[in-house]
Structure formats: structure tokens, C-alpha cells
>>> print(open('target_30.cif').read())   # mmCIF, C-alpha atoms
data_model
#
loop_
_atom_site.label_atom_id
_atom_site.label_comp_id
_atom_site.auth_asym_id
_atom_site.auth_seq_id
_atom_site.Cartn_x
_atom_site.Cartn_y
_atom_site.Cartn_z
CA MET E 69 -34.79 -18.42 20.89
CA ALA E 70 -37.14 -17.86 17.95
CA ILE E 71 -35.56 -16.55 14.75
CA ARG E 72 -37.92 -13.56 14.76
CA THR E 73 -36.71 -12.53 18.22
CA ILE E 74 -33.13 -12.64 16.99
CA VAL E 75 -34.03 -10.56 13.94
CA ASP E 76 -35.81 -7.95 16.04
CA GLN E 77 -33.01 -7.74 18.58
CA LEU E 78 -30.23 -7.48 16.03
CA GLY E 79 -32.18 -5.18 13.75
CA LYS E 80 -32.62 -2.68 16.54
CA SER E 81 -29.11 -2.88 17.93
CA LEU E 82 -26.62 -3.46 15.11
CA LYS E 83 -25.44 -1.30 12.27
CA HIS E 84 -22.41 -1.63 10.03
CA THR E 85 -19.60 -2.87 12.24
CA GLY E 86 -17.18 -4.21 9.65
CA LYS E 87 -16.72 -1.04 7.61
CA LYS E 88 -15.92 2.60 8.27
CA ASN E 89 -19.05 4.65 8.88
CA ASN E 90 -20.76 6.56 11.64
CA GLY E 91 -20.41 4.96 15.06
CA PRO E 92 -22.81 2.06 15.57
CA ASN E 93 -25.47 2.13 18.21
CA ARG E 94 -25.03 -1.41 19.45
CA VAL E 95 -25.50 -3.73 22.38
CA PRO E 96 -23.33 -6.70 23.37
CA TYR E 97 -25.65 -9.35 22.00
CA MET E 98 -23.67 -12.14 23.63
CA VAL E 99 -21.32 -12.33 26.60
CA VAL E 100 -19.01 -15.32 27.03
CA TRP E 101 -18.49 -15.65 30.77
CA ASN E 102 -15.48 -17.62 31.89
CA PHE E 103 -17.32 -18.27 35.11
CA THR E 104 -14.44 -19.99 36.92
CA ASN E 105 -10.99 -21.43 36.32
CA MET E 106 -11.98 -24.49 38.34
CA CYS E 107 -12.01 -27.67 36.25
CA ASN E 108 -11.96 -31.43 36.74
CA LEU E 109 -9.91 -32.11 33.58
CA ARG E 110 -6.52 -30.99 32.27
CA CYS E 111 -7.03 -30.40 28.56
CA LYS E 112 -3.97 -29.79 26.41
CA HIS E 113 -5.50 -26.89 24.47
CA CYS E 114 -7.25 -25.10 27.37
CA TYR E 115 -7.26 -21.36 26.68
CA GLN E 116 -7.83 -20.67 30.40
CA ASP E 117 -5.08 -22.96 31.72
CA ALA E 118 -7.77 -24.16 34.15
CA LYS E 119 -6.89 -25.66 37.54
CA GLU E 120 -8.50 -27.83 40.21
CA MET E 121 -9.34 -24.86 42.43
CA CYS E 122 -10.90 -21.43 41.91
CA ASP E 123 -8.66 -18.40 41.66
CA PRO E 124 -8.68 -16.37 44.89
CA ASP E 125 -9.85 -13.18 43.13
CA GLU E 126 -12.91 -14.77 41.49
CA LEU E 127 -16.12 -12.74 41.60
CA THR E 128 -18.27 -13.48 44.63
CA LEU E 129 -21.80 -14.79 44.20
CA GLU E 130 -23.16 -11.35 45.02
CA GLU E 131 -20.93 -9.78 42.37
CA LYS E 132 -22.00 -12.40 39.85
CA LEU E 133 -25.69 -11.75 40.45
CA THR E 134 -25.07 -8.02 40.16
CA PHE E 135 -23.37 -8.62 36.82
CA VAL E 136 -26.45 -10.48 35.64
CA ASP E 137 -28.41 -7.29 36.39
CA THR E 138 -25.79 -5.34 34.45
CA MET E 139 -26.06 -7.61 31.40
CA ASP E 140 -29.84 -7.42 31.52
CA ALA E 141 -29.75 -3.62 31.60
CA ALA E 142 -27.25 -3.58 28.71
CA GLY E 143 -29.53 -5.73 26.54
CA VAL E 144 -27.49 -8.93 26.57
CA LYS E 145 -29.76 -11.75 25.40
CA VAL E 146 -27.36 -14.70 25.21
CA PRO E 147 -25.04 -15.23 28.17
CA VAL E 148 -22.71 -18.20 27.68
CA ILE E 149 -21.45 -19.67 30.95
CA SER E 150 -18.07 -21.25 30.31
CA GLY E 151 -14.93 -21.96 32.30
CA GLY E 152 -13.03 -23.96 33.39
CA GLU E 153 -15.90 -26.30 34.07
CA PRO E 154 -18.81 -24.14 35.26
CA LEU E 155 -21.16 -27.00 36.13
CA ILE E 156 -19.04 -28.09 39.10
CA HIS E 157 -19.04 -24.60 40.64
CA PRO E 158 -21.42 -24.01 43.59
CA ASP E 159 -22.53 -20.65 42.13
CA PHE E 160 -23.68 -22.12 38.81
CA PHE E 161 -27.31 -22.85 39.65
CA PRO E 162 -27.99 -19.61 41.61
CA VAL E 163 -26.65 -17.61 38.66
CA LEU E 164 -28.50 -19.75 36.10
CA ASP E 165 -31.75 -19.30 38.00
CA TYR E 166 -31.33 -15.54 38.08
CA MET E 167 -30.54 -15.37 34.35
CA VAL E 168 -33.61 -17.44 33.52
CA GLU E 169 -35.68 -15.16 35.75
CA LYS E 170 -34.41 -12.29 33.56
CA LYS E 171 -35.66 -14.24 30.50
CA MET E 172 -32.20 -14.68 29.05
CA HIS E 173 -31.40 -17.49 26.60
CA VAL E 174 -28.76 -19.16 28.76
CA ALA E 175 -26.06 -21.37 27.26
CA ALA E 176 -23.35 -23.36 28.99
CA ALA E 177 -20.10 -24.92 27.79
CA SER E 178 -19.11 -28.13 29.53
CA ASN E 179 -17.10 -31.34 29.30
CA ALA E 180 -20.27 -33.11 30.54
CA THR E 181 -18.35 -35.67 32.60
CA MET E 182 -20.56 -34.98 35.62
CA ILE E 183 -23.91 -34.90 33.79
CA THR E 184 -25.76 -37.93 35.09
CA LYS E 185 -29.44 -38.48 34.26
CA ASP E 186 -30.45 -36.69 37.45
CA PHE E 187 -28.07 -33.80 36.79
CA ALA E 188 -29.37 -33.40 33.23
CA LYS E 189 -32.92 -33.25 34.56
CA LYS E 190 -31.83 -30.61 37.07
CA LEU E 191 -30.32 -28.52 34.26
CA LYS E 192 -33.55 -28.78 32.30
CA ASP E 193 -35.72 -27.99 35.33
CA HIS E 194 -33.63 -24.89 36.06
CA GLY E 195 -34.13 -23.59 32.52
CA LEU E 196 -30.82 -24.15 30.75
CA ALA E 197 -31.62 -23.56 27.07
CA TYR E 198 -28.46 -24.79 25.36
CA ILE E 199 -25.36 -26.79 26.19
CA GLU E 200 -22.17 -27.09 24.20
CA ILE E 201 -20.23 -30.25 25.03
CA SER E 202 -16.60 -30.81 24.07
CA LEU E 203 -15.66 -34.06 22.35
CA ASP E 204 -12.30 -34.10 20.63
CA SER E 205 -12.06 -37.56 19.09
CA VAL E 206 -14.20 -40.53 18.15
CA ASN E 207 -11.43 -42.62 19.67
CA PRO E 208 -11.89 -42.84 23.47
CA GLU E 209 -8.17 -43.26 24.12
CA LYS E 210 -7.26 -40.22 22.00
CA HIS E 211 -9.91 -38.07 23.67
CA ASP E 212 -8.92 -39.17 27.17
CA GLU E 213 -5.25 -38.46 26.49
CA PHE E 214 -6.08 -35.01 25.08
CA ARG E 215 -8.35 -34.22 28.03
CA GLY E 216 -6.04 -35.58 30.70
CA GLN E 217 -8.32 -38.14 32.34
CA LYS E 218 -8.85 -41.79 31.57
CA GLY E 219 -12.47 -42.74 31.05
CA CYS E 220 -13.76 -39.22 30.40
CA TRP E 221 -14.84 -40.05 26.79
CA ASP E 222 -17.43 -42.51 28.11
CA LEU E 223 -18.65 -40.02 30.72
CA THR E 224 -18.91 -37.22 28.14
CA VAL E 225 -20.84 -39.30 25.59
CA GLN E 226 -23.22 -40.46 28.31
CA GLY E 227 -23.63 -36.85 29.40
CA ILE E 228 -24.59 -35.92 25.85
CA LYS E 229 -27.19 -38.69 25.79
CA ASN E 230 -28.57 -37.62 29.17
CA CYS E 231 -29.00 -34.00 28.06
CA LEU E 232 -30.73 -35.07 24.86
CA GLU E 233 -33.06 -37.36 26.79
CA VAL E 234 -34.42 -34.49 28.90
CA GLY E 235 -34.82 -32.19 25.90
CA ILE E 236 -31.90 -29.77 26.18
CA PHE E 237 -30.55 -28.38 22.89
CA VAL E 238 -27.11 -30.00 22.53
CA ALA E 239 -24.08 -29.09 20.43
CA ILE E 240 -20.90 -31.11 20.17
CA ALA E 241 -17.78 -28.94 19.97
CA THR E 242 -14.53 -30.30 18.54
CA VAL E 243 -11.04 -28.87 18.09
CA PHE E 244 -9.45 -30.70 15.18
CA THR E 245 -5.64 -31.02 15.17
CA LYS E 246 -3.18 -32.90 12.98
CA ASN E 247 -3.76 -35.82 15.31
CA THR E 248 -7.50 -35.92 14.56
CA ILE E 249 -7.93 -34.29 11.13
CA ASP E 250 -8.72 -37.72 9.70
CA GLU E 251 -11.74 -37.94 12.02
CA VAL E 252 -13.89 -35.18 10.53
CA ASP E 253 -16.36 -37.52 8.83
CA PRO E 254 -16.43 -40.05 11.70
CA MET E 255 -17.04 -37.25 14.22
CA LEU E 256 -19.91 -35.83 12.17
CA ASP E 257 -21.35 -39.31 11.82
CA LEU E 258 -21.12 -39.81 15.59
CA ALA E 259 -22.83 -36.47 16.24
CA ALA E 260 -25.67 -37.43 13.90
CA GLU E 261 -25.92 -40.89 15.44
CA LEU E 262 -26.18 -39.44 18.96
CA GLY E 263 -28.90 -37.09 17.74
CA VAL E 264 -27.44 -33.72 18.73
CA GLN E 265 -28.85 -30.69 16.98
CA ARG E 266 -25.58 -28.92 16.24
CA PHE E 267 -21.90 -29.57 15.61
CA ILE E 268 -19.29 -26.84 16.03
CA HIS E 269 -15.69 -26.93 14.90
CA PHE E 270 -13.60 -24.74 17.18
CA ASN E 271 -10.61 -23.23 15.42
CA PHE E 272 -7.36 -23.91 17.25
CA VAL E 273 -5.79 -20.81 18.84
CA PRO E 274 -2.51 -21.10 20.78
CA ALA E 275 -3.75 -19.45 23.99
CA GLY E 276 -3.44 -20.69 27.57
CA ARG E 277 -1.87 -24.14 27.31
CA GLY E 278 -2.33 -24.11 23.54
CA PRO E 279 1.26 -23.04 22.69
CA GLU E 280 2.45 -26.38 24.09
CA ILE E 281 0.74 -28.17 21.18
CA ALA E 282 1.02 -25.47 18.50
CA ASP E 283 2.83 -27.95 16.26
CA GLN E 284 -0.49 -29.83 15.99
CA ASP E 285 -2.28 -26.83 14.45
CA LEU E 286 -3.73 -27.40 11.00
CA SER E 287 -1.98 -26.05 7.93
CA PRO E 288 -3.93 -23.64 5.68
CA GLU E 289 -4.58 -26.50 3.26
CA GLU E 290 -5.84 -28.78 6.01
CA ARG E 291 -8.10 -26.07 7.39
CA GLU E 292 -9.49 -25.29 3.94
CA GLU E 293 -10.23 -28.95 3.30
CA LEU E 294 -11.90 -29.20 6.71
CA LEU E 295 -14.13 -26.16 6.15
CA SER E 296 -15.12 -27.36 2.69
CA LYS E 297 -16.01 -30.77 4.10
CA LEU E 298 -18.09 -29.22 6.89
CA PHE E 299 -20.06 -27.21 4.34
CA LYS E 300 -20.69 -30.18 2.09
CA ARG E 301 -21.67 -32.57 4.87
CA ARG E 302 -24.14 -30.20 6.51
CA ARG E 303 -26.35 -30.33 3.43
CA THR E 304 -27.02 -34.03 3.86
CA ILE E 305 -26.34 -34.98 7.47
CA GLY E 306 -29.39 -33.44 9.09
CA LEU E 307 -27.79 -31.22 11.74
CA GLU E 308 -26.36 -27.72 11.90
CA ILE E 309 -22.63 -27.60 11.26
CA LEU E 310 -20.79 -24.44 12.30
CA SER E 311 -17.22 -23.28 12.70
CA THR E 312 -15.54 -20.52 14.68
CA ALA E 313 -12.97 -20.19 11.89
CA PRO E 314 -13.96 -16.89 10.21
CA GLN E 315 -13.02 -18.40 6.84
CA TYR E 316 -16.01 -20.72 7.07
CA GLY E 317 -18.35 -18.08 5.66
CA ARG E 318 -16.11 -17.58 2.65
CA ALA E 319 -15.72 -21.33 2.19
CA CYS E 320 -19.50 -21.70 2.19
CA LEU E 321 -19.86 -18.89 -0.32
CA GLU E 322 -17.27 -20.30 -2.69
CA GLY E 323 -18.78 -23.76 -2.33
CA SER E 324 -22.23 -22.64 -3.34
CA LEU E 325 -23.05 -19.36 -5.06
CA GLY E 326 -19.70 -18.39 -6.49
CA ARG E 327 -16.71 -16.26 -5.61
CA TYR E 328 -18.23 -12.79 -5.16
CA LEU E 329 -20.20 -11.31 -2.30
CA ASP E 330 -22.81 -8.59 -2.13
CA PRO E 331 -21.81 -6.95 1.18
CA ASP E 332 -25.30 -5.55 1.77
CA ARG E 333 -27.15 -8.84 1.67
CA LEU E 334 -27.60 -11.62 4.18
CA TYR E 335 -27.56 -15.20 2.94
CA VAL E 336 -29.06 -18.06 4.90
CA GLU E 337 -30.28 -21.51 4.01
CA THR E 338 -33.81 -22.54 4.86
CA LYS E 339 -34.94 -26.05 5.70
CA ALA E 340 -36.08 -26.31 2.08
CA GLN E 341 -32.41 -25.90 1.07
CA LYS E 342 -33.28 -23.77 -1.93
CA SER E 343 -30.57 -23.77 -4.54
CA GLU E 344 -30.22 -19.99 -4.58
CA GLN E 345 -29.42 -19.86 -0.87
CA PHE E 346 -26.50 -21.08 1.18
CA TYR E 347 -25.52 -21.44 4.80
CA VAL E 348 -23.11 -19.10 6.57
CA GLN E 349 -22.62 -18.84 10.30
CA SER E 350 -20.65 -16.60 12.57
CA PRO E 351 -18.63 -17.53 15.66
CA THR E 352 -21.59 -16.51 17.79
CA HIS E 353 -23.44 -19.56 16.44
CA TYR E 354 -26.46 -17.46 15.47
CA ASN E 355 -27.69 -16.26 12.12
CA THR E 356 -30.69 -14.34 10.92
CA VAL E 357 -32.49 -13.05 7.88
CA THR E 358 -33.00 -9.64 6.35
CA ASP E 359 -36.40 -8.02 6.29
CA LYS E 360 -37.43 -4.60 4.98
CA MET E 361 -38.14 -3.17 8.43
CA ASN E 362 -35.07 -4.42 10.31
CA ALA E 363 -32.28 -5.08 7.85
CA VAL E 364 -29.10 -6.36 9.48
CA PRO E 365 -25.95 -5.91 7.37
CA MET E 366 -24.02 -9.12 6.79
CA GLU E 367 -20.78 -7.73 8.19
CA SER E 368 -22.55 -7.18 11.52
CA LEU E 369 -22.85 -10.92 11.92
CA GLN E 370 -20.10 -12.67 10.03
CA GLY E 371 -16.49 -13.41 10.73
CA CYS E 372 -14.64 -12.59 13.92
CA GLY E 373 -17.15 -11.26 16.45
CA ALA E 374 -14.67 -10.20 19.14
CA GLY E 375 -15.49 -6.74 20.46
CA ARG E 376 -18.40 -6.45 17.99
CA GLN E 377 -21.04 -9.09 18.72
CA PHE E 378 -19.63 -10.29 21.98
CA ILE E 379 -16.99 -9.85 24.64
CA CYS E 380 -15.60 -12.14 27.30
CA ILE E 381 -15.60 -11.65 31.06
CA GLN E 382 -12.98 -13.43 33.12
CA PRO E 383 -13.56 -15.01 36.56
CA ASN E 384 -12.15 -11.91 38.28
CA GLY E 385 -14.27 -9.41 36.32
CA ASP E 386 -11.72 -8.49 33.65
CA ILE E 387 -13.29 -7.72 30.27
CA CYS E 388 -11.44 -8.84 27.16
CA PRO E 389 -12.56 -8.96 23.51
CA CYS E 390 -12.45 -12.75 23.20
CA MET E 391 -11.78 -15.81 25.36
CA PHE E 392 -8.66 -16.43 23.27
CA ILE E 393 -7.31 -12.90 23.90
CA SER E 394 -7.28 -12.87 27.70
CA ASP E 395 -4.16 -10.67 27.89
CA TRP E 396 -6.09 -7.79 26.28
CA VAL E 397 -7.86 -6.44 29.37
CA GLU E 398 -9.96 -3.44 28.45
CA GLY E 399 -11.27 -2.94 31.97
CA ASN E 400 -12.71 -4.60 35.06
CA ILE E 401 -16.33 -4.48 36.20
CA ARG E 402 -15.18 -4.02 39.80
CA GLU E 403 -13.54 -0.73 38.81
CA GLU E 404 -15.84 0.85 36.22
CA PRO E 405 -19.25 0.35 34.59
CA PHE E 406 -19.54 -2.52 32.14
CA TRP E 407 -21.19 -0.30 29.53
CA ASP E 408 -18.25 2.13 29.52
CA ILE E 409 -15.85 -0.74 28.90
CA TRP E 410 -18.05 -2.19 26.14
CA MET E 411 -18.39 1.10 24.31
CA ARG E 412 -14.63 1.55 24.12
CA PHE E 413 -14.42 -1.44 21.81
CA GLU E 414 -16.25 0.40 19.04
CA LYS E 415 -13.37 2.88 18.88
CA ILE E 416 -10.78 0.13 18.36
CA ALA E 417 -10.21 -0.34 14.64
CA VAL E 418 -9.11 -3.97 14.88
CA PHE E 419 -12.62 -4.93 15.95
CA THR E 420 -14.72 -2.48 13.97
CA ASP E 421 -12.92 -1.55 10.76
CA ARG E 422 -11.85 -4.39 8.50
CA ASP E 423 -10.56 -1.96 5.92
CA ALA E 424 -7.84 -1.09 8.44
CA LEU E 425 -6.53 -4.66 8.74
CA GLU E 426 -3.08 -5.34 7.36
CA GLY E 427 -1.95 -7.65 4.58
CA GLU E 428 -4.35 -9.96 2.79
CA CYS E 429 -7.07 -9.63 5.44
CA GLY E 430 -7.35 -5.87 4.87
CA SER E 431 -7.58 -6.12 1.09
CA CYS E 432 -9.43 -9.42 0.66
CA GLN E 433 -12.76 -9.18 -1.17
CA PHE E 434 -14.23 -11.35 1.61
CA ARG E 435 -13.06 -9.17 4.51
CA TYR E 436 -16.60 -8.17 5.53
CA LEU E 437 -17.66 -11.79 5.57
CA CYS E 438 -14.51 -13.08 7.26
CA GLY E 439 -11.78 -10.67 8.33
CA GLY E 440 -9.56 -13.41 9.72
CA CYS E 441 -9.18 -14.49 13.33
CA ARG E 442 -7.83 -11.65 15.45
CA ALA E 443 -6.93 -14.06 18.26
CA ARG E 444 -4.67 -16.05 15.94
CA ALA E 445 -3.06 -12.83 14.70
CA ILE E 446 -2.33 -11.79 18.27
CA ASN E 447 -1.22 -15.17 19.61
CA TYR E 448 0.87 -16.17 16.60
CA ILE E 449 2.22 -12.85 15.38
CA GLY E 450 1.75 -10.42 18.26
CA ASN E 451 -0.06 -7.94 16.01
CA PRO E 452 -3.88 -7.77 16.20
CA MET E 453 -4.07 -6.11 12.77
CA ALA E 454 -2.02 -8.77 11.00
CA ALA E 455 -3.39 -11.15 8.42
CA ASP E 456 -4.58 -14.52 9.73
CA SER E 457 -1.93 -16.93 8.48
CA GLY E 458 -4.27 -19.87 9.03
CA CYS E 459 -6.17 -18.91 5.86
CA ILE E 460 -5.37 -20.53 2.53
CA LYS E 461 -5.11 -17.04 1.02
CA ASN E 462 -2.21 -16.32 3.39
CA LYS E 463 -0.40 -19.60 2.81
CA GLU E 464 2.92 -17.93 1.99
CA LYS E 465 2.87 -16.04 5.29
CA TRP E 466 2.19 -19.29 7.14
CA LEU E 467 5.11 -20.99 5.38
CA ILE E 468 7.42 -18.14 6.44
CA GLU E 469 6.23 -18.38 10.06
CA GLN E 470 6.76 -22.12 10.06
CA GLY E 471 10.23 -21.73 8.55
CA LYS E 472 9.19 -23.68 5.45
CA ALA E 473 9.47 -20.94 2.84
#
>>> encode(input="target_30.cif", output="C-alpha cells")
Amino acid sequence: MAIRTIVDQLGKSLKHTGKKNNGPNRVPYMVVWNFTNMCNLRCKHCYQDAKEMCDPDELTLEEKLTFVDTMDAAGVKVPVISGGEPLIHPDFFPVLDYMVEKKMHVAAASNATMITKDFAKKLKDHGLAYIEISLDSVNPEKHDEFRGQKGCWDLTVQGIKNCLEVGIFVAIATVFTKNTIDEVDPMLDLAAELGVQRFIHFNFVPAGRGPEIADQDLSPEEREELLSKLFKRRRTIGLEILSTAPQYGRACLEGSLGRYLDPDRLYVETKAQKSEQFYVQSPTHYNTVTDKMNAVPMESLQGCGAGRQFICIQPNGDICPCMFISDWVEGNIREEPFWDIWMRFEKIAVFTDRDALEGECGSCQFRYLCGGCRARAINYIGNPMAADSGCIKNKEKWLIEQGKA
């Protein structure tokens, strides 16, 4: 999608959504659709706790196509088809075709183990614009053990190559743990060597099967070092490097322009990499620029986007604020209109008012740029308003939670 299209869309639909002010007139710019719980792997960190078979209450194909109409009417421009493993589901291509017909910028998240050369060509021919492929180690044995299937590293890497060969925009997505934190540079080097356009670090959240490996979560110091390294490497490596950790924006700011933020200005880095600009990205993986006609406040884009920029729909039609907060069901599209459910989120302070957050996150000078991860606050602490203890600025809280203080 062209940057100007993104600017126009966001400029028309978003107002201040990180600070108290009059209610924003907004659209759900992106919808993450956990299309199915069916999956061919058994990943240790799976937030869906995916299985071999579909859940019996999954939306029918007719209901899925109707929801595409609903998203189109609501102004959704970027549907992300996730799972489980959506590419193995028989409804994937009918739904993809209908989204493309609606001129949506369709993305998919996949483990890519089934993407042969012919399958990659089929994806391209059917109009898939973007694919995000999970790769969790440069070591095949480590990756296979983490993903629960021997030989899947080779299949995934070949799937990446096949998608690139047919011209699909490819991102590699990695969840770093204590077991792989020493692989940050090697993973970035591998991504560059393969020729993908984007690398995304996915912040660990103990959802689904995640609590079983919570002891492998990064410490605040490890996460800070990781984010700093991502920022530094992206200036020289030749590909986009993003992170779903909300602290990434602050880490980029502190690593470039200084410690203070003008909350009414958007900062991006151009290809020219001008010294007065720097690179910040939000969990939605999109950024934009400010122009005089359609200015988009920074807090509309940065930090945790749950319930603000995007929501998640589950296989059965449940709507939740984020794929890592599946227990927070705000409604179901089988029972009430999607738009009514979406609009309720703007009245929930945890998603729209960062001044209302508790602890360090509510008072931090970077709260409009970051705000902490609400999914981590919920899954670790049980309080959506709590400070994100994964941040270096909340190190003492993390030490108390870990019983190390």
C-alpha cells in the first residue's frame, strides 16, 4: 500500500487516541483475524493453543464472507489472516479472493512449511500482498524443537525463498527468548541474506501455551539491549526492522534524537536516513508522515495498538482487543453488529487514555509513544492498567514479580 494512501486513510479516521480529549471519530484500520485454530505444528509459545483440527464453533464460510463485507463497510484496509495456520484451511483462498476483490491490502501470518513453489505462485496469483513468516532460531534443531516438528526449519526457510521468488512482500517474525537472545545478530544477518524486506521481533506474552515457558521470557535488561540492537542494526542492514514491544519507539528515540518527545509531531526516517530523523514503528507494522492537510498525531500510531488501531477476531466470531488478550471478549459478531462492538473500545480507558494507566506507565514521559504492553500487564499481573514490568523503567517491579527483590 502506498504511503500516501496510508496517510490519507489515517488522516481522515484517527484523532488523539492516547490522551484525554473529545471522543475520536475512528475506524479499525487493521483487523487481526485468527482465522482458525487448526495448525500443523505445536509451538511452545502459541497464544491460540492451536490444535490439529478446527474448533466446532468456527465461523462458516458464509459467515466469513459476510464479515469481509462488514470490514469493508467499516473501513478496514488491512486484514491480517492469522491462526493457527490459515494457509492449510479450505476457506483461506475463497476469503482471500473476496478481500482482494474489495481492494483490501491482505496480509497473512504463516509458518510457511507448506509453501512450495507452486503454492507461493498460487498465493501471488490470488493477490496476497504480504506474508509474515515465523522463524525462531538460526539453528534448525532449536527452531524445530520450539515448533514441535522435526525438519520444519528447512521447510520454513524454503517457503520464505519461494514467496520471495514470486514477488510477495515477506517479513520474518521472531520471538526471542533466553534460549535465543544470543541469536539477534545472526537472525538479522540471515534475514538480510535471504532477501526479505522486513524483520519483526514479536514481544513474548505468556498467553495460550506461553505460561509453560514464561521462565524463558527476557529480563528488562535483555529486552532493552535487544531493542537497542534492533534500532542500531536497521540503519545499516538494508531492511525494515520492527518490534511489537511498545518500548521500541522510546528506544529508537533515545538512541537517536535524545530523551524528550514532542507529542504532537511524527518522526519517521526516509531512505536518505537524514540525521535529524529517526525510525519508530508501531505494533501494526505501519508508519506514516505528517502533512498540513491530514496531520496524524503520533500517539494515534505508536505503542500498544490494542483497541485503538486494531482488534482481533477469534475463529468463532468473538472480538477481543488483541490476539494476546483472548479472554477479554467484548462481543461476538454472531450476536451484535461489529461496529457496535468496535465503538465500545473507545470508552475503555486502558486502550484510549494513557494518562489513566497506573504506576510508571501512567506517569512516564514516553507514555504517548509507548504506554507499555497491555497484554503483558493482563497476563502477568491480572490488571490491564498496571505498568508493563518488561520495561527497563519498571525493573524493580519485575524483580519483585520474579521474587528477586
>>> resolve_selection(input="target_30.cif", expression="the PyMOL selection byres ((chain E and resi 167) around 10)", output="ChimeraX atom specification")
/E:133,136-137,139-140,145-147,161-166,168-174,195-196
>>> resolve_selection(input="target_30.cif", expression="the PyMOL selection byres ((chain E and resi 391) around 8)", output="list in words")
Val100, Asn102, Tyr115, Ile379, Cys380, Cys388, Pro389, Cys390, Phe392, Ile393 and Ser394 of chain E
>>> resolve_selection(input="target_30.cif", expression="the PyMOL selection byres ((chain E and resi 314) around 10)", output="PDB file with C-alpha atoms, in the coordinates of the input")
ATOM      1  CA  ASN E 271     -10.610 -23.230  15.420  1.00  0.00           C
ATOM      2  CA  SER E 311     -17.220 -23.280  12.700  1.00  0.00           C
ATOM      3  CA  THR E 312     -15.540 -20.520  14.680  1.00  0.00           C
ATOM      4  CA  ALA E 313     -12.970 -20.190  11.890  1.00  0.00           C
ATOM      5  CA  GLN E 315     -13.020 -18.400   6.840  1.00  0.00           C
ATOM      6  CA  TYR E 316     -16.010 -20.720   7.070  1.00  0.00           C
ATOM      7  CA  GLY E 317     -18.350 -18.080   5.660  1.00  0.00           C
ATOM      8  CA  ARG E 318     -16.110 -17.580   2.650  1.00  0.00           C
ATOM      9  CA  ALA E 319     -15.720 -21.330   2.190  1.00  0.00           C
ATOM     10  CA  GLN E 349     -22.620 -18.840  10.300  1.00  0.00           C
ATOM     11  CA  SER E 350     -20.650 -16.600  12.570  1.00  0.00           C
ATOM     12  CA  PRO E 351     -18.630 -17.530  15.660  1.00  0.00           C
ATOM     13  CA  GLN E 370     -20.100 -12.670  10.030  1.00  0.00           C
ATOM     14  CA  GLY E 371     -16.490 -13.410  10.730  1.00  0.00           C
ATOM     15  CA  CYS E 372     -14.640 -12.590  13.920  1.00  0.00           C
ATOM     16  CA  GLY E 373     -17.150 -11.260  16.450  1.00  0.00           C
ATOM     17  CA  ARG E 435     -13.060  -9.170   4.510  1.00  0.00           C
ATOM     18  CA  LEU E 437     -17.660 -11.790   5.570  1.00  0.00           C
ATOM     19  CA  CYS E 438     -14.510 -13.080   7.260  1.00  0.00           C
ATOM     20  CA  GLY E 439     -11.780 -10.670   8.330  1.00  0.00           C
ATOM     21  CA  GLY E 440      -9.560 -13.410   9.720  1.00  0.00           C
ATOM     22  CA  CYS E 441      -9.180 -14.490  13.330  1.00  0.00           C
ATOM     23  CA  ARG E 442      -7.830 -11.650  15.450  1.00  0.00           C
ATOM     24  CA  ASP E 456      -4.580 -14.520   9.730  1.00  0.00           C
ATOM     25  CA  CYS E 459      -6.170 -18.910   5.860  1.00  0.00           C
TER      26      CYS E 459
END
>>> closest_residue(input="target_30.cif", among="E:Leu191, E:Ile460, E:Leu425, E:Ala175", to="E:Ala239", atoms="all atoms listed in the file")
E:Ala175
>>> atom_distance(input="target_30.cif", atom1="atom CA of E:Gly385", atom2="atom CA of E:Glu126")
7.6 Å
>>> atom_distance(input="target_30.cif", atom1="atom CA of E:Asp204", atom2="atom CA of E:Lys465")
28.1 Å
>>> residues_around(input="target_30.cif", residues="E:Lys229", least_positions_apart="4", cutoff="8 Å", atoms="all atoms listed in the file", output="compact mmCIF listing (two decimals) with C-alpha atoms, keeping the file's coordinate frame")
# COMPACT_ATOMS: atom_id res chain seq x y z
CA VAL E 225 -20.84 -39.30 25.59
CA GLU E 233 -33.06 -37.36 26.79
CA LEU E 262 -26.18 -39.44 18.96
>>> atom_distance(input="target_30.cif", atom1="atom CA of E:Glu308", atom2="atom CA of E:Ile268")
8.2 Å
>>> residues_around(input="target_30.cif", residues="E:Lys210", least_positions_apart="4", cutoff="12 Å", atoms="only C-alpha atoms", output="list in words")
Cys111, Lys112, Leu203, Asp204, Ser205, Val206, Phe214, Arg215, Gly216, Gln217, Lys218, Gly219, Cys220, Trp221, Phe244, Thr245, Asn247, Thr248 and Glu251 of chain E
>>> closest_residue(input="target_30.cif", among="E:Glu426, E:Glu290, E:Asp193, E:Asp212", to="E:Lys463", atoms="all atoms listed in the file")
E:Glu290
>>> residues_around(input="target_30.cif", residues="E:Phe160", least_positions_apart="6", cutoff="10 Å", atoms="all atoms listed in the file", output="list in words")
Phe103, Thr104, Leu129, Lys132, Ile149, Pro154 and Ala176 of chain E
>>> closest_residue(input="target_30.cif", among="E:Phe135, E:Gly278, E:Gln265, E:Gly152", to="E:Asp123", atoms="only C-alpha atoms")
E:Gly152
>>> closest_residue(input="target_30.cif", among="E:Thr128, E:Glu398, E:Leu109, E:Ile309", to="E:Thr224", atoms="only C-alpha atoms")
E:Leu109
>>> closest_residue(input="target_30.cif", among="E:Ser287, E:Asn230, E:Asn207, E:Asn108", to="E:Pro254", atoms="only C-alpha atoms")
E:Asn207
>>> closest_residue(input="target_30.cif", among="E:Lys185, E:Ala445, E:Met411, E:Ser457", to="E:Glu428", atoms="all atoms listed in the file")
E:Ser457
